[in-house]
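Source file: structure_8.csv (CSV, C-alpha atoms)
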chain,number,residue,atom,x,y,z
A,162,MET,CA,0.0,0.0,0.0
A,163,PHE,CA,2.9,2.3,0.8
A,164,LEU,CA,4.3,1.9,-2.7
A,165,VAL,CA,0.9,2.7,-4.3
A,166,TRP,CA,0.6,5.9,-2.2
A,167,MET,CA,4.2,7.1,-3.0
A,168,ILE,CA,4.0,6.3,-6.7
A,169,GLY,CA,0.7,8.2,-6.9
A,170,ARG,CA,2.2,11.3,-5.4
A,171,ILE,CA,4.4,11.7,-8.5
A,172,SER,CA,1.6,12.4,-11.0
A,173,ASN,CA,-0.9,14.5,-8.9
A,174,LYS,CA,-2.5,17.6,-10.4
A,175,ARG,CA,-0.9,20.9,-9.4
A,176,THR,CA,-2.2,22.3,-6.0
A,177,VAL,CA,-3.9,25.6,-6.3
A,178,LYS,CA,-5.1,25.9,-2.7
A,179,LYS,CA,-3.6,24.4,0.4
A,180,HIS,CA,-5.5,24.3,3.7
A,181,ALA,CA,-3.7,24.9,7.0
A,182,PHE,CA,-1.7,21.9,8.2
A,183,SER,CA,-2.5,23.0,11.8
A,184,ILE,CA,-6.0,21.5,11.5
A,185,TYR,CA,-4.4,18.1,10.6
A,186,ILE,CA,-1.6,18.0,13.2
A,187,PHE,CA,-3.7,16.4,15.9
A,188,THR,CA,-5.4,13.8,13.7
A,189,THR,CA,-2.1,13.0,11.9
A,190,VAL,CA,-0.2,12.4,15.1
A,191,PHE,CA,-3.0,10.1,16.5
A,192,LEU,CA,-3.3,8.2,13.2
A,193,TYR,CA,0.4,7.4,13.2
A,194,LEU,CA,0.2,6.5,16.9
A,195,SER,CA,-2.6,4.0,16.1
A,196,TYR,CA,-0.3,2.4,13.5
A,197,LEU,CA,2.6,2.3,15.9
A,198,ILE,CA,0.5,0.6,18.6
A,199,LEU,CA,-0.7,-2.0,16.2
A,200,PHE,CA,2.6,-2.8,14.4
A,201,LEU,CA,5.3,-2.4,17.1
A,202,PRO,CA,5.8,-5.6,19.0
A,203,TYR,CA,6.6,-3.6,22.2
A,204,PHE,CA,2.9,-2.9,22.8
A,205,SER,CA,1.8,-6.4,22.2
A,206,ARG,CA,4.4,-7.8,24.6
A,207,THR,CA,3.7,-5.1,27.2
A,208,PHE,CA,-0.1,-5.6,27.2
A,209,PRO,CA,-0.6,-9.2,26.0
A,210,LEU,CA,-4.2,-9.7,27.2
A,211,GLN,CA,-5.9,-11.7,24.5
A,212,VAL,CA,-9.4,-10.5,23.5
A,213,THR,CA,-10.0,-13.0,20.6
A,214,PRO,CA,-8.3,-16.4,20.3
A,215,GLN,CA,-5.3,-16.9,18.1
A,216,ASN,CA,-6.4,-19.8,15.9
A,217,TRP,CA,-6.6,-20.6,12.2
A,218,VAL,CA,-10.3,-19.4,11.9
A,219,PHE,CA,-9.6,-15.9,13.4
A,220,GLY,CA,-6.3,-15.8,11.6
A,221,LEU,CA,-7.7,-16.6,8.2
A,222,PHE,CA,-10.7,-14.3,8.7
A,223,GLY,CA,-8.4,-11.5,9.8
A,224,VAL,CA,-6.0,-11.9,6.9
A,225,LEU,CA,-9.0,-11.9,4.5
A,226,LEU,CA,-10.4,-8.7,6.0
A,227,CYS,CA,-6.9,-7.1,5.9
A,228,LEU,CA,-6.5,-8.0,2.2
A,229,LEU,CA,-10.1,-6.8,1.5
A,230,GLY,CA,-9.5,-3.5,3.3
A,231,VAL,CA,-6.1,-2.9,1.6
A,232,GLY,CA,-7.6,-3.8,-1.8
A,233,PHE,CA,-10.5,-1.4,-1.3
A,234,ALA,CA,-8.2,1.4,-0.2
A,235,ILE,CA,-5.9,0.9,-3.2
A,236,TRP,CA,-8.9,0.8,-5.6
A,237,SER,CA,-10.2,4.0,-4.0
A,238,ARG,CA,-6.8,5.7,-4.3
A,239,TYR,CA,-6.6,4.6,-7.9
A,240,THR,CA,-10.1,6.0,-8.6
A,241,LEU,CA,-9.1,9.4,-7.2
A,242,GLY,CA,-6.2,9.5,-9.7
A,243,LYS,CA,-4.5,12.8,-10.0
A,244,ASN,CA,-7.0,14.5,-7.6
A,245,TRP,CA,-5.6,12.8,-4.6
A,246,SER,CA,-4.1,15.2,-2.0
A,247,GLY,CA,-2.3,13.1,0.5
A,248,ILE,CA,-2.3,13.9,4.2
A,249,ILE,CA,-3.9,17.4,3.8
A,250,VAL,CA,-6.9,17.9,1.6
A,251,THR,CA,-5.9,20.4,-1.1
A,252,GLN,CA,-7.7,21.9,-4.0
A,253,LYS,CA,-6.1,20.8,-7.3
A,254,GLU,CA,-6.1,22.5,-10.6
A,255,ASN,CA,-9.3,21.4,-12.5
A,256,HIS,CA,-10.2,19.5,-9.4
A,257,ASP,CA,-12.9,16.8,-10.1
A,258,LEU,CA,-15.4,15.6,-7.5
A,259,ILE,CA,-15.0,11.8,-7.9
A,260,LYS,CA,-18.3,9.9,-7.6
A,261,THR,CA,-17.5,6.7,-9.4
A,262,GLY,CA,-16.1,3.3,-8.4
A,263,PRO,CA,-15.8,2.9,-4.6
A,264,TYR,CA,-17.0,6.5,-4.2
A,265,THR,CA,-20.5,5.3,-5.2
A,266,ILE,CA,-20.5,3.1,-2.1
A,267,VAL,CA,-19.2,5.6,0.5
A,268,ARG,CA,-17.8,9.1,0.4
A,269,HIS,CA,-14.6,8.1,2.3
A,270,PRO,CA,-13.7,4.6,0.9
A,271,ILE,CA,-10.0,4.9,1.6
A,272,TYR,CA,-10.8,5.4,5.3
A,273,LEU,CA,-13.2,2.5,5.2
A,274,GLY,CA,-10.5,0.3,3.6
A,275,PHE,CA,-8.0,1.4,6.3
A,276,ILE,CA,-10.5,0.5,9.1
A,277,VAL,CA,-11.3,-2.9,7.6
A,278,ALA,CA,-7.6,-3.7,7.1
A,279,MET,CA,-6.7,-2.7,10.6
A,280,PHE,CA,-9.6,-4.6,12.1
A,281,GLY,CA,-8.5,-7.7,10.2
A,282,PHE,CA,-5.0,-7.2,11.5
A,283,ALA,CA,-6.2,-6.8,15.0
A,284,LEU,CA,-8.4,-9.9,14.7
A,285,THR,CA,-5.4,-11.9,13.6
A,286,ILE,CA,-3.3,-10.6,16.6
A,287,GLY,CA,-6.2,-10.7,19.0
A,288,ASN,CA,-4.7,-8.8,21.9
A,289,ILE,CA,-6.1,-5.8,23.7
A,290,THR,CA,-3.5,-3.3,22.2
A,291,SER,CA,-4.5,-4.3,18.6
A,292,TYR,CA,-8.1,-3.4,19.3
A,293,VAL,CA,-7.1,-0.2,21.2
A,294,ALA,CA,-5.2,0.8,18.0
A,295,VAL,CA,-8.3,0.2,15.9
A,296,VAL,CA,-10.5,2.3,18.1
A,297,LEU,CA,-7.9,5.1,18.1
A,298,GLU,CA,-7.8,4.9,14.3
A,299,ILE,CA,-11.6,5.0,14.0
A,300,VAL,CA,-11.9,8.1,16.3
A,301,THR,CA,-9.1,9.8,14.4
A,302,LEU,CA,-10.5,9.1,11.0
A,303,LEU,CA,-14.0,10.3,12.1
A,304,MET,CA,-12.4,13.6,13.1
A,305,ARG,CA,-10.7,13.8,9.7
A,306,ILE,CA,-13.9,13.0,7.9
A,307,PHE,CA,-15.7,16.0,9.4
A,308,ILE,CA,-12.7,18.3,8.6
A,309,GLU,CA,-12.5,17.1,5.0
A,310,GLU,CA,-16.3,17.3,4.4
A,311,LYS,CA,-16.3,20.9,5.5
A,312,LEU,CA,-13.4,21.5,3.0
A,313,MET,CA,-15.2,19.5,0.2
A,314,ASN,CA,-18.3,21.6,0.7
A,315,GLN,CA,-16.2,24.8,0.3
A,316,ILE,CA,-14.5,23.4,-2.9
A,317,PHE,CA,-17.6,21.8,-4.6
A,318,SER,CA,-20.5,23.5,-2.7
A,319,ASN,CA,-23.8,22.3,-4.2
A,320,SER,CA,-22.5,19.3,-6.1
A,321,TYR,CA,-20.9,17.9,-2.9
A,322,GLN,CA,-24.2,18.5,-1.0
A,323,VAL,CA,-26.1,16.5,-3.6
A,324,TYR,CA,-23.5,13.8,-3.6
A,325,SER,CA,-23.7,13.7,0.2
A,326,LEU,CA,-27.5,13.1,0.1
A,327,ARG,CA,-27.0,10.2,-2.3
A,328,THR,CA,-23.9,8.5,-0.8
A,329,LYS,CA,-23.3,7.4,2.8
A,330,ARG,CA,-20.3,8.8,4.6
A,331,LEU,CA,-18.4,5.7,5.8
A,332,ILE,CA,-20.7,2.7,6.4
A,333,PRO,CA,-22.6,1.5,3.2
A,334,PHE,CA,-26.4,1.8,3.5
A,335,VAL,CA,-26.1,3.1,7.1
A,336,TRP,CA,-24.0,6.2,7.7
Go through the file and emit its structure as structure tokens.
Amino acid sequence: MFLVWMIGRISNKRTVKKHAFSIYIFTTVFLYLSYLILFLPYFSRTFPLQVTPQNWVFGLFGVLLCLLGVGFAIWSRYTLGKNWSGIIVTQKENHDLIKTGPYTIVRHPIYLGFIVAMFGFALTIGNITSYVAVVLEIVTLLMRIFIEEKLMNQIFSNSYQVYSLRTKRLIPFVW
């Protein structure tokens, strides 16, 4: 996933308006903290309490969810194409509001993919710290969603409002 993200940065459209990084500092720090908690063995060894069993059923289901989430996030990133901003939402030259592919399912499919992938990873590990990392990621991404939707309304105004009425925010058919 990291390679897809880095390669995609090369061909993005030119940025015409950048929003203040200060609104993203808090969420960026906590997002990276959730990844550190999940992926660094220190936390798993320090807080080893198992929440779900480590067996082949949970392991297989977790791996499948992880692959599904990563695949969905990559498909979403690919669909955004040259309009992708990266860590901070920016307005691009000739910016398009993408409403196709995974963006017909939810307005924030990259975030949905991240959540599904991390939950799958946590299910595979099964300890308390992995689930704490998932909760921290979800809370952080929810904050980012509200920030980004405000900015998308500024960039696209009426067309984003119409899109918002038709397409759920993060959970298909629900919210």
Would you mind listing, for every residue of range 287-320 of chain A within 12 Å of range 270-282 of chain A, the two atoms forming the shortest contact and the distance between them in Å to one decimal, using only C-alpha atoms, sorted by chain and ascending residue number, as JSON lines?
{"residue": "A:Gly287", "atom": "CA", "partner": "A:Phe282", "partner_atom": "CA", "distance": 8.4}
{"residue": "A:Asn288", "atom": "CA", "partner": "A:Phe282", "partner_atom": "CA", "distance": 10.5}
{"residue": "A:Thr290", "atom": "CA", "partner": "A:Phe282", "partner_atom": "CA", "distance": 11.5}
{"residue": "A:Ser291", "atom": "CA", "partner": "A:Phe282", "partner_atom": "CA", "distance": 7.7}
{"residue": "A:Tyr292", "atom": "CA", "partner": "A:Phe280", "partner_atom": "CA", "distance": 7.5}
{"residue": "A:Val293", "atom": "CA", "partner": "A:Phe280", "partner_atom": "CA", "distance": 10.4}
{"residue": "A:Ala294", "atom": "CA", "partner": "A:Met279", "partner_atom": "CA", "distance": 8.3}
{"residue": "A:Val295", "atom": "CA", "partner": "A:Met279", "partner_atom": "CA", "distance": 6.2}
{"residue": "A:Val296", "atom": "CA", "partner": "A:Ile276", "partner_atom": "CA", "distance": 9.2}
{"residue": "A:Leu297", "atom": "CA", "partner": "A:Ile276", "partner_atom": "CA", "distance": 10.4}
{"residue": "A:Glu298", "atom": "CA", "partner": "A:Ile276", "partner_atom": "CA", "distance": 7.3}
{"residue": "A:Ile299", "atom": "CA", "partner": "A:Ile276", "partner_atom": "CA", "distance": 6.7}
{"residue": "A:Val300", "atom": "CA", "partner": "A:Ile276", "partner_atom": "CA", "distance": 10.6}
{"residue": "A:Thr301", "atom": "CA", "partner": "A:Tyr272", "partner_atom": "CA", "distance": 10.2}
{"residue": "A:Leu302", "atom": "CA", "partner": "A:Tyr272", "partner_atom": "CA", "distance": 6.8}
{"residue": "A:Leu303", "atom": "CA", "partner": "A:Tyr272", "partner_atom": "CA", "distance": 9.0}
{"residue": "A:Met304", "atom": "CA", "partner": "A:Tyr272", "partner_atom": "CA", "distance": 11.4}
{"residue": "A:Arg305", "atom": "CA", "partner": "A:Tyr272", "partner_atom": "CA", "distance": 9.5}
{"residue": "A:Ile306", "atom": "CA", "partner": "A:Tyr272", "partner_atom": "CA", "distance": 8.6}
{"residue": "A:Glu309", "atom": "CA", "partner": "A:Tyr272", "partner_atom": "CA", "distance": 11.8}
Notebook entry, point to check: If you measure from CA of Ile266 in chain A to CA of Lys329 in chain A, what distance in Å do you get, rounded to one decimal?
Noted result: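 For CA of Ile266 in chain A relative to CA of Lys329 in chain A, the distance reads 7.1 Å.
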Note to self: Would you pick out the contacts of Val323 in chain A at 12 Å or less, using all atoms listed in the file, so that residues sharing its chain but fewer than 3 positions from it are not included, and give the list as an MDAnalysis selection string?
What the structure shows: chainID A and resid 258 260 268 313:314 317:320 326:329
Next item on the list: Give me, please, the distance in Å between CA of Tyr239 in chain A and CA of Ile286 in chain A, quoted to one decimal.
Entry: 29.0 Å
Checklist line | Test item: residues at most 6 Å from range 207-222 of chain A, all atoms listed in the file, excluding those fewer than 3 positions along its chain, as a PyMOL selection string | finding: chain A and resi 203-204+225+285+287-289
Margin query: Restricting the calculation to all atoms listed in the file: of A:Leu164, A:Ile184, A:Leu312, A:Val231, which residue gets closest to Thr251 in chain A?
Written below: A:Leu312
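Considering all atoms listed in the file, the residue among A:Thr189, A:Ser237, A:Asn244, A:Gln315 positioned nearest to Asn173 in chain A is A:Asn244.
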Checklist line | Separation of CA of Val177 in chain A from CA of Glu254 in chain A in Å | finding: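 Atom-to-atom, CA of Glu254 in chain A to CA of Val177 in chain A, that is 5.7 Å.
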Check: Which of these, A:Arg238, A:Lys311, A:Arg206, A:Lys179, has the shortest distance to Pro263 in chain A once you count all atoms listed in the file?
Finding: A:Arg238
Notebook entry, point to check: Which of these residues is nearest to Lys174 in chain A, using all atoms listed in the file: A:Ala283, A:Ile308, A:Val267, A:Leu241?
Noted result: A:Leu241
